[in-house]
Structure formats: C-alpha cells, structure tokens
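Okay, structure-v7.txt now, which holds compact mmCIF, C-alpha atoms and all ligand atoms:
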```txt
# COMPACT_ATOMS: atom_id res chain seq x y z
CA MET G 1 40.66 -21.91 -0.21
CA ALA G 2 40.16 -18.45 1.16
CA LEU G 3 36.99 -17.16 -0.46
CA HIS G 4 34.45 -19.96 -0.54
CA THR G 5 30.90 -18.77 -1.29
CA LEU G 6 28.92 -16.16 -3.20
CA LEU G 7 26.61 -15.19 -0.35
CA GLY G 8 24.35 -12.89 -2.29
CA MET G 9 23.71 -9.75 -4.23
CA GLU G 10 21.56 -6.66 -4.03
CA ILE G 11 19.94 -5.30 -7.14
CA GLY G 12 18.28 -1.94 -7.62
CA VAL G 13 15.30 -1.44 -9.91
CA PRO G 14 12.71 1.33 -10.34
CA GLU G 15 9.83 -0.99 -9.35
CA PRO G 16 10.94 -3.54 -6.73
CA GLU G 17 7.41 -4.83 -6.10
CA GLY G 18 7.43 -6.46 -9.51
CA LEU G 19 10.39 -8.57 -8.50
CA ASP G 20 8.70 -9.67 -5.26
CA ALA G 21 5.88 -11.13 -7.35
CA PHE G 22 8.35 -12.68 -9.78
CA TYR G 23 10.47 -14.43 -7.16
CA ALA G 24 7.34 -15.81 -5.52
CA GLU G 25 6.16 -17.02 -8.92
CA ILE G 26 9.34 -18.96 -9.69
CA GLY G 27 9.34 -20.61 -6.27
CA LEU G 28 11.95 -18.72 -4.27
CA SER G 29 11.37 -18.27 -0.54
CA GLY G 30 11.17 -14.93 1.20
CA GLY G 31 9.28 -11.69 0.72
CA LYS G 32 9.51 -7.91 0.64
CA GLY G 33 12.85 -7.49 -1.07
CA ALA G 34 14.70 -10.53 0.36
CA TRP G 35 14.58 -13.81 -1.54
CA GLY G 36 16.47 -17.05 -1.96
CA GLY G 37 16.28 -20.80 -2.15
CA GLU G 38 14.71 -22.52 0.83
CA ASP G 39 18.13 -23.45 2.23
CA TRP G 40 19.75 -20.08 1.57
CA PRO G 41 17.15 -17.38 2.13
CA GLY G 42 17.96 -13.74 1.55
CA GLN G 43 20.57 -14.31 -1.15
CA ILE G 44 18.86 -11.84 -3.43
CA ARG G 45 17.95 -8.44 -2.06
CA VAL G 46 16.00 -5.90 -4.03
CA VAL G 47 15.85 -2.16 -3.43
CA GLU G 48 14.38 0.77 -5.33
CA ALA G 49 16.83 2.59 -7.59
CA PRO G 50 16.43 5.14 -10.39
CA TYR G 51 17.66 2.65 -13.00
CA ARG G 52 18.32 -1.09 -13.17
CA GLN G 53 21.67 -1.90 -11.61
CA LEU G 54 23.76 -4.17 -9.40
CA MET G 55 24.04 -2.47 -6.00
CA SER G 56 26.32 -4.89 -4.18
CA MET G 57 27.62 -8.41 -3.79
CA ARG G 58 28.52 -10.37 -0.69
CA ILE G 59 31.22 -13.02 -0.53
CA ALA G 60 32.25 -15.40 2.24
CA CYS G 61 35.78 -16.24 3.31
CA GLU G 62 37.03 -18.71 5.89
CA THR G 63 39.09 -16.74 8.37
CA GLU G 64 40.16 -13.36 9.65
CA GLU G 65 43.48 -13.93 7.87
CA ASP G 66 41.58 -14.19 4.59
CA LEU G 67 40.08 -10.75 5.25
CA ALA G 68 43.52 -9.31 5.90
CA SER G 69 44.82 -10.91 2.72
CA ALA G 70 41.93 -9.51 0.67
CA GLU G 71 42.43 -6.11 2.27
CA SER G 72 46.13 -5.93 1.44
CA GLY G 73 45.53 -7.37 -2.04
CA ILE G 74 43.16 -4.63 -3.14
CA SER G 75 45.12 -2.00 -1.22
CA GLU G 76 48.11 -2.72 -3.46
CA LEU G 77 45.88 -1.75 -6.39
CA GLY G 78 44.97 1.50 -4.65
CA VAL G 79 41.45 0.36 -3.69
CA ALA G 80 40.39 1.79 -0.33
CA SER G 81 38.37 -0.47 1.99
CA ARG G 82 37.08 -0.42 5.53
CA ARG G 83 36.22 -2.91 8.25
CA ALA G 84 32.57 -3.02 9.27
CA ASP G 85 30.52 -5.53 11.26
CA GLY G 86 33.25 -8.15 11.13
CA GLY G 87 33.74 -7.90 7.38
CA LEU G 88 35.66 -5.98 4.74
CA GLU G 89 33.78 -3.52 2.55
CA PHE G 90 34.68 -1.38 -0.42
CA GLU G 91 33.17 0.36 -3.38
CA ASP G 92 34.35 -0.89 -6.75
CA PRO G 93 36.33 2.17 -7.92
CA ILE G 94 35.55 1.54 -11.59
CA ASN G 95 31.98 0.30 -11.53
CA GLY G 96 30.50 1.76 -8.36
CA TRP G 97 28.82 -1.30 -6.83
CA ARG G 98 29.69 -2.25 -3.25
CA VAL G 99 31.48 -5.43 -2.23
CA ARG G 100 31.46 -7.05 1.18
CA VAL G 101 33.62 -10.00 2.27
CA GLU G 102 32.88 -11.67 5.58
CA PRO G 103 33.92 -14.86 7.39
CA ALA G 104 31.19 -17.50 7.26
CA GLU G 105 30.73 -21.24 7.56
CA LYS G 106 31.22 -23.29 4.42
CA GLY G 107 28.23 -25.20 3.23
CA ASP G 108 26.05 -26.31 0.38
CA VAL G 109 22.32 -26.55 -0.09
CA ALA G 110 20.83 -29.86 0.99
CA PRO G 111 20.63 -32.52 -1.73
CA GLN G 112 17.20 -33.39 -3.07
CA PRO G 113 16.47 -36.97 -4.20
CA GLU G 114 18.02 -37.73 -7.58
CA ARG G 115 15.46 -38.41 -10.28
CA VAL G 116 15.74 -41.96 -11.44
CA ARG G 117 16.33 -42.18 -15.21
CA ASN G 118 16.40 -44.99 -17.69
CA ARG G 119 19.17 -45.32 -20.23
CA PRO G 120 20.38 -48.05 -22.53
CA GLY G 121 21.63 -50.95 -20.47
CA VAL G 122 20.64 -49.34 -17.16
CA ARG G 123 16.88 -49.55 -16.65
CA ALA G 124 16.73 -47.98 -13.23
CA ARG G 125 13.09 -46.82 -13.22
CA THR G 126 10.67 -49.65 -13.77
CA ASP G 127 6.96 -50.00 -13.13
CA ALA G 128 6.68 -46.30 -12.23
CA ARG G 129 6.03 -43.09 -14.13
CA ALA G 130 8.85 -40.53 -14.33
CA GLU G 131 8.99 -38.32 -11.30
CA LEU G 132 8.61 -35.16 -13.36
CA ILE G 133 5.28 -36.43 -14.64
CA VAL G 134 3.81 -37.10 -11.24
CA GLU G 135 5.39 -34.44 -9.01
CA GLN G 136 2.83 -32.14 -7.42
CA ASN G 137 4.87 -28.98 -7.69
CA PRO G 138 7.84 -28.12 -9.86
CA ARG G 139 11.10 -28.13 -7.94
CA PRO G 140 12.14 -24.54 -7.19
CA PRO G 141 15.54 -22.93 -7.88
CA ARG G 142 18.02 -23.82 -5.13
CA ARG G 143 20.37 -20.84 -4.87
CA LEU G 144 21.99 -17.88 -6.59
CA GLY G 145 25.04 -19.27 -8.39
CA HIS G 146 26.66 -16.48 -10.33
CA ILE G 147 26.52 -12.89 -11.45
CA VAL G 148 27.73 -11.52 -14.77
CA VAL G 149 28.42 -7.82 -14.95
CA GLY G 150 29.27 -5.48 -17.76
CA SER G 151 32.01 -2.94 -17.17
CA PRO G 152 33.41 -0.16 -19.36
CA LYS G 153 36.85 -1.32 -18.18
CA PRO G 154 36.82 -5.12 -17.83
CA LEU G 155 40.60 -5.41 -18.15
CA GLU G 156 41.07 -3.07 -15.19
CA THR G 157 38.19 -4.47 -13.15
CA THR G 158 39.19 -8.13 -13.20
CA PRO G 159 42.49 -7.60 -11.28
CA ILE G 160 40.56 -6.10 -8.35
CA TYR G 161 38.61 -9.34 -7.90
CA ARG G 162 41.69 -11.49 -8.42
CA ALA G 163 43.43 -9.46 -5.69
CA LEU G 164 40.41 -10.04 -3.48
CA GLY G 165 40.90 -13.78 -3.81
CA PHE G 166 38.82 -14.84 -6.81
CA ARG G 167 40.41 -17.59 -8.90
CA VAL G 168 40.39 -17.60 -12.69
CA SER G 169 38.61 -20.54 -14.33
CA ASP G 170 38.67 -19.52 -18.01
CA VAL G 171 39.55 -16.47 -20.07
CA VAL G 172 37.97 -15.23 -23.29
CA GLY G 173 39.25 -12.70 -25.78
CA GLY G 174 42.57 -11.98 -24.10
CA GLY G 175 40.88 -11.02 -20.82
CA ILE G 176 37.98 -9.05 -22.25
CA ALA G 177 35.83 -11.56 -20.33
CA THR G 178 37.20 -13.52 -17.37
CA PHE G 179 35.30 -16.30 -15.63
CA MET G 180 36.18 -16.23 -11.93
CA ARG G 181 35.15 -18.25 -8.89
CA CYS G 182 35.01 -17.57 -5.18
CA SER G 183 33.72 -21.11 -4.57
CA PRO G 184 34.04 -24.51 -6.27
CA ASP G 185 31.54 -23.36 -8.93
CA HIS G 186 33.28 -22.85 -12.29
CA HIS G 187 32.19 -19.25 -12.11
CA ASN G 188 30.52 -16.99 -9.59
CA LEU G 189 31.52 -13.75 -11.28
CA LEU G 190 32.22 -12.87 -14.87
CA ILE G 191 33.37 -9.40 -15.82
CA ALA G 192 32.39 -8.66 -19.42
CA PRO G 193 32.43 -5.46 -21.48
CA GLY G 194 29.66 -2.87 -21.14
CA ARG G 195 29.04 0.73 -22.21
CA VAL G 196 28.57 1.52 -18.50
CA PRO G 197 28.53 -0.76 -15.45
CA TYR G 198 25.40 -2.94 -15.56
CA LEU G 199 24.02 -6.31 -14.56
CA ASN G 200 24.39 -8.58 -17.60
CA HIS G 201 22.58 -11.48 -15.87
CA TYR G 202 22.24 -13.45 -12.66
CA ALA G 203 21.88 -17.20 -12.44
CA LEU G 204 19.83 -19.53 -10.26
CA GLU G 205 20.80 -23.17 -9.88
CA HIS G 206 18.28 -25.99 -10.27
CA ASP G 207 18.60 -29.64 -9.27
CA ASP G 208 18.82 -30.86 -12.84
CA PHE G 209 17.99 -30.00 -16.42
CA ASP G 210 14.45 -31.32 -16.09
CA SER G 211 13.88 -28.68 -13.43
CA VAL G 212 15.49 -25.98 -15.56
CA ALA G 213 13.37 -26.84 -18.60
CA ARG G 214 10.13 -27.27 -16.71
CA ALA G 215 10.54 -24.03 -14.72
CA ALA G 216 11.51 -22.08 -17.84
CA THR G 217 8.63 -23.47 -19.84
CA LEU G 218 6.10 -22.67 -17.12
CA TYR G 219 7.43 -19.12 -16.85
CA LEU G 220 7.29 -18.51 -20.58
CA ARG G 221 3.80 -19.98 -20.87
CA ASN G 222 2.59 -17.80 -17.98
CA HIS G 223 3.54 -14.56 -19.69
CA GLU G 224 2.11 -13.33 -22.92
CA ASP G 225 4.95 -10.88 -23.52
CA ASP G 226 8.15 -12.29 -24.95
CA ARG G 227 10.51 -13.05 -22.08
CA GLN G 228 12.63 -15.63 -23.88
CA VAL G 229 16.29 -14.61 -24.20
CA ALA G 230 18.34 -17.71 -25.01
CA GLY G 231 18.29 -21.43 -24.56
CA PRO G 232 18.01 -24.14 -23.79
CA GLY G 233 21.66 -25.00 -24.33
CA ARG G 234 24.86 -26.15 -22.67
CA HIS G 235 27.79 -23.77 -22.33
CA GLN G 236 31.22 -25.02 -23.28
CA ILE G 237 32.73 -22.64 -20.69
CA GLY G 238 31.52 -23.88 -17.31
CA GLY G 239 29.67 -26.81 -18.78
CA ASN G 240 26.31 -25.72 -17.40
CA GLU G 241 22.96 -26.39 -19.00
CA PHE G 242 21.15 -23.06 -19.30
CA TRP G 243 17.98 -21.20 -20.16
CA TYR G 244 17.92 -17.39 -20.07
CA MET G 245 14.85 -15.20 -19.73
CA LEU G 246 13.83 -11.66 -18.74
CA ASP G 247 12.44 -10.87 -15.31
CA PRO G 248 9.76 -8.15 -15.07
CA SER G 249 12.37 -5.49 -14.27
CA GLY G 250 14.29 -6.20 -17.45
CA ASN G 251 17.10 -8.17 -15.83
CA ILE G 252 18.22 -11.25 -17.71
CA PHE G 253 18.14 -14.23 -15.37
CA GLU G 254 19.39 -17.74 -16.00
CA PHE G 255 18.21 -21.10 -14.78
CA PHE G 256 21.16 -23.51 -14.84
CA SER G 257 22.22 -26.98 -13.77
CA ASP G 258 25.28 -29.24 -13.85
CA MET G 259 28.04 -26.60 -13.84
CA ASP G 260 31.70 -27.69 -13.74
CA ARG G 261 32.96 -27.94 -10.18
CA ILE G 262 36.54 -27.22 -9.11
CA GLU G 263 37.49 -28.61 -5.71
CA ASP G 264 41.23 -28.93 -6.39
CA ASP G 265 42.51 -25.64 -7.75
CA GLU G 266 45.80 -27.24 -8.81
CA SER G 267 44.13 -29.77 -11.08
CA TRP G 268 42.08 -27.24 -13.05
CA LYS G 269 43.80 -25.72 -16.05
CA PRO G 270 42.20 -22.46 -17.20
CA ARG G 271 41.92 -22.13 -20.96
CA ASP G 272 42.42 -18.84 -22.79
CA ASP G 273 42.01 -20.14 -26.34
CA TRP G 274 38.22 -20.18 -26.58
CA ASP G 275 36.81 -19.50 -30.03
CA LEU G 276 34.31 -16.69 -29.52
CA GLU G 277 32.33 -17.93 -32.51
CA ASP G 278 31.89 -21.37 -31.06
CA SER G 279 31.95 -21.32 -27.28
CA TRP G 280 28.40 -20.27 -26.41
CA SER G 281 26.57 -23.58 -26.57
CA LEU G 282 27.30 -27.13 -27.59
CA TRP G 283 23.72 -27.51 -28.80
CA GLY G 284 20.87 -25.13 -29.46
CA GLU G 285 21.76 -21.64 -30.66
CA LYS G 286 25.29 -21.26 -31.94
CA ARG G 287 25.89 -17.67 -30.90
CA GLN G 288 25.14 -15.60 -27.82
CA PRO G 289 22.33 -13.17 -28.62
CA GLU G 290 23.25 -9.49 -28.76
CA ILE G 291 20.63 -8.66 -26.09
CA PHE G 292 23.12 -9.58 -23.35
CA PHE G 293 25.34 -6.67 -24.37
CA ASN G 294 22.65 -4.35 -25.59
CA PRO G 295 19.48 -4.99 -23.57
CA PRO G 296 16.33 -3.03 -24.53
CA ASP G 297 16.79 -0.66 -21.59
CA MET G 298 20.50 0.00 -22.20
CA ASP G 299 19.94 3.64 -23.15
CA ALA G 300 18.00 4.20 -19.91
CA ILE G 301 20.79 2.54 -17.92
CA VAL G 302 23.42 4.71 -19.61
CA ALA G 303 21.35 7.86 -19.01
CA GLY G 304 20.76 6.92 -15.37
CA TYR G 305 24.41 6.12 -14.82
CA GLU G 306 25.60 9.35 -16.41
CA LYS G 307 23.10 11.38 -14.39
CA ALA G 308 24.30 9.73 -11.17
CA GLN G 309 27.93 10.40 -12.10
CA ALA G 310 27.16 14.06 -12.84
CA GLY G 311 25.19 14.47 -9.60
FE FE N 1 25.43 -17.45 -16.74
```
Would you mind giving the structure from this file in structure tokens?
Ligand SMILES: [Fe+2]
Amino acid sequence: MALHTLLGMEIGVPEPEGLDAFYAEIGLSGGKGAWGGEDWPGQIRVVEAPYRQLMSMRIACETEEDLASAESGISELGVASRRADGGLEFEDPINGWRVRVEPAEKGDVAPQPERVRNRPGVRARTDARAELIVEQNPRPPRRLGHIVVGSPKPLETTPIYRALGFRVSDVVGGGIATFMRCSPDHHNLLIAPGRVPYLNHYALEHDDFDSVARAATLYLRNHEDDRQVAGPGRHQIGGNEFWYMLDPSGNIFEFFSDMDRIEDDESWKPRDDWDLEDSWSLWGEKRQPEIFFNPPDMDAIVAGYEKAQAG
C-alpha cells in the first residue's frame, strides 16, 4: 500500500475563533487553530478565510518511491506539482484546494478499553453498571477519518486522486460520487457534486456507537439553535454508524464508528450498483437530507468563490 493515512486537513472560515471553542467543547485536544484527537494532535487546522472552504489536505505515503509514483501519476493528467519539505505538493486544478503527500510512519490511534456489553447467551457484564452510565467524562472523538467535498466536476476530479494513489471502495451514480481510500478506512475522501468546490462534511471517529450517540446528544442539548443535520443511522456504503450536525461555522461534521476496513485490497470488490434511493441508511432516515448539497450558506460560498476566481 502506497498511500496509508489521511494526516489532516485545513479549513478556512470567516470566524476561526468559533471553531476553537467548538473543538474544545467536543473534547478534541489542541488550541489556537490546531486540533485533533489526543493521539493525533493537529489533524484539523483552522485559518481565517473570506468564506467557508477546504483549504488543503495532507496524506501520508510509505516511501520516496510512492512520492515519485504519485508525481508521475498526476503529471500524466497534466497536473503540475512541486517537491517541498520532503513531500509532494500541488493545487487541485479543478477545485483549488492544496494537497500535500509526505512519507510518514504507519500507525493507528491507541485502543481504548472495549465496553463490556450483555447480549442473549453472552452475559459478559454482571454485577456492575454499564460503563457509559458511570464514566466521569464522555469519551472524546479519536481522529479525523474522512472528508467529503463537493466539486462542479466530480467526474474529472476523481481521476486526479486515483492517479495520486487513492483506491476506489465504492461508486455511486456512474461515478458522480466515488468513495476512495488512502488508508484501510472504507473511505477517506469522497468527491461528490457541488455548484462550486466546497466542504460537504468532515468526519470524526469515535470508539463506538455509544460514544457517537452520547457526544451528539450532549452537543445538541448544549445548543439552543438547531444543529441537527442527520442521524443517527448506519450507512450501507462504508458500513459506519453516523450522526451529522452543524459546527458553529456552518460546516457539517459527522461523528462515526465501526466503518468497514479494507486491509487486503484484492479481497474487496467495489460495487457500482448502489440504489441512490436506498443506500443512505439501513435504519433511521431513508434519504440523505438536501442540506448536504445545498447548505444554508451555499449562496455565500458561491459568491465568495466567484469573487476569488474573478480577483
Ligand atoms: Fe461521512
């Protein structure tokens, strides 16, 4: 495996201080524009920008040869790149965000103790209250798992990331949305349609669904304004349990757990026959809400993007 980890992303918003408070609230570690799970600090960077947008993403590969392979792959598509600080960098020629690939050690976040559950025939927790009931503090999110972006040209954008070394896990709508991975996660990047390039959502992994549900519930109870977007549910594509909400900058973020994991690329068979009407969630809401494709600030994003293009 050449690419192996989504190292992080940088997002730009008009009021970055609001996100500092938000990430502290949901239990991420860090401060002043650099946040992450305790094991992987700094995965999320926040800068000021005239409108809400994805600024960049960082991906890890194993070796120098992987960098050369990524470099020649995108070069064949006419994408110019440069070497900087031991990595490969380029600007997405269609969507404008920056991409950096760099060699790094493989690794995962440290496992936390599994919560002991009772089920028929296996009564594993006896004479003790459930951990969730007695834990002092909710377990925090562990890491950034994936980014979903909207692009005006998804069919032309996806090949750039495939040439970079991303592997395809599943395909929807003849390639209008392609779930890709740069790690064993079912997806780290999904390119979906958008009026202009924008951040559709970003996703933070939790230990389990109890953590997802408790963290989401606390967040929603703590805010009077309506920040619920979708969930809870379980995606057919990727298998992850999810809950989507709005952060104070208007980004949709997802808490998720139990995503499909692909260690042996040969054994995974991507599907391209998903029924759009019935692939959002096995339980809960049947369809993906329109807000993902038309968020409340979409007009401001389009105006900001067009102004930047003109300038
Ligand atoms: Fe997601």
Could you list, with a cut-off of 7 Å and counting only C-alpha atoms and all ligand atoms, the residues of chain G near ligand FE 1 (chain N), each shown with its nearest atom pair and the distance in Å rounded to one decimal, rows sorted by chain and ascending number, as a Markdown table?
```
| residue | atom | partner | partner_atom | distance |
| --- | --- | --- | --- | --- |
| G:His146 | CA | N:FE1 | FE | 6.6 |
| G:Val148 | CA | N:FE1 | FE | 6.7 |
| G:His201 | CA | N:FE1 | FE | 6.7 |
| G:Tyr202 | CA | N:FE1 | FE | 6.5 |
| G:Ala203 | CA | N:FE1 | FE | 5.6 |
| G:Glu254 | CA | N:FE1 | FE | 6.1 |
```
* Asked: Quick one: residues within 6 Å of Leu164 (chain G), all atoms listed in the file counted, chain neighbours fewer than 3 positions away excluded, as a PyMOL selection string?
  -> chain G and resi 70+73+161
* So, counting all atoms listed in the file, which residue among G:Glu285, G:Glu10, G:Asp299, G:Asp264 is closest to Pro232 (chain G)? ->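 Looking only at the distances to Pro232 (chain G), the closest residue turns out to be G:Glu285.
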* To do: Provide the CA of Phe255 (chain G) to CA of Val109 (chain G) distance in Å, to one decimal place.
  =>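 It comes out at 16.2 Å.
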* Need the neighbours of (21.5, -23.0, -15.1): which residues are at most 7 Å away, counting all atoms listed in the file, as a list of chain:residue names? ->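 Residues with an atom at most 7 Å from (21.5, -23.0, -15.1): G:Ala203, G:Leu204, G:Glu205, G:His206, G:Val212, G:Asn240, G:Glu241, G:Phe242, G:Trp243, G:Glu254, G:Phe255, G:Phe256, G:Ser257.
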* List every protein, DNA or RNA residue that has at least one atom no more than 12 Å from (27.4, -23.5, 8.2) in the file's coordinates, counting all atoms listed in the file, and write the result as an MDAnalysis selection string. => chainID G and resid 4:5 7 39:40 60 62 103:110
* Among listed residues G:Ile262, G:Ala216, G:Ala230, G:Val302, nearest Pro138 (chain G) (using only C-alpha atoms) ->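 Using only C-alpha atoms, Pro138 (chain G) sits closest to G:Ala216.
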* Asked: Suppose you want the space between CA of Pro152 (chain G) and CA of Pro197 (chain G); what is it in Å?
  ->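 Answer for the CA of Pro152 (chain G) to CA of Pro197 (chain G) separation: 6.3 Å.
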* To do: Would you mind telling me which residue in G:Phe253, G:Ile237, G:Ser151, G:Arg129 lies nearest to Leu282 (chain G) when using all atoms listed in the file?
  =>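 Smallest distance to Leu282 (chain G) is found for G:Ile237.
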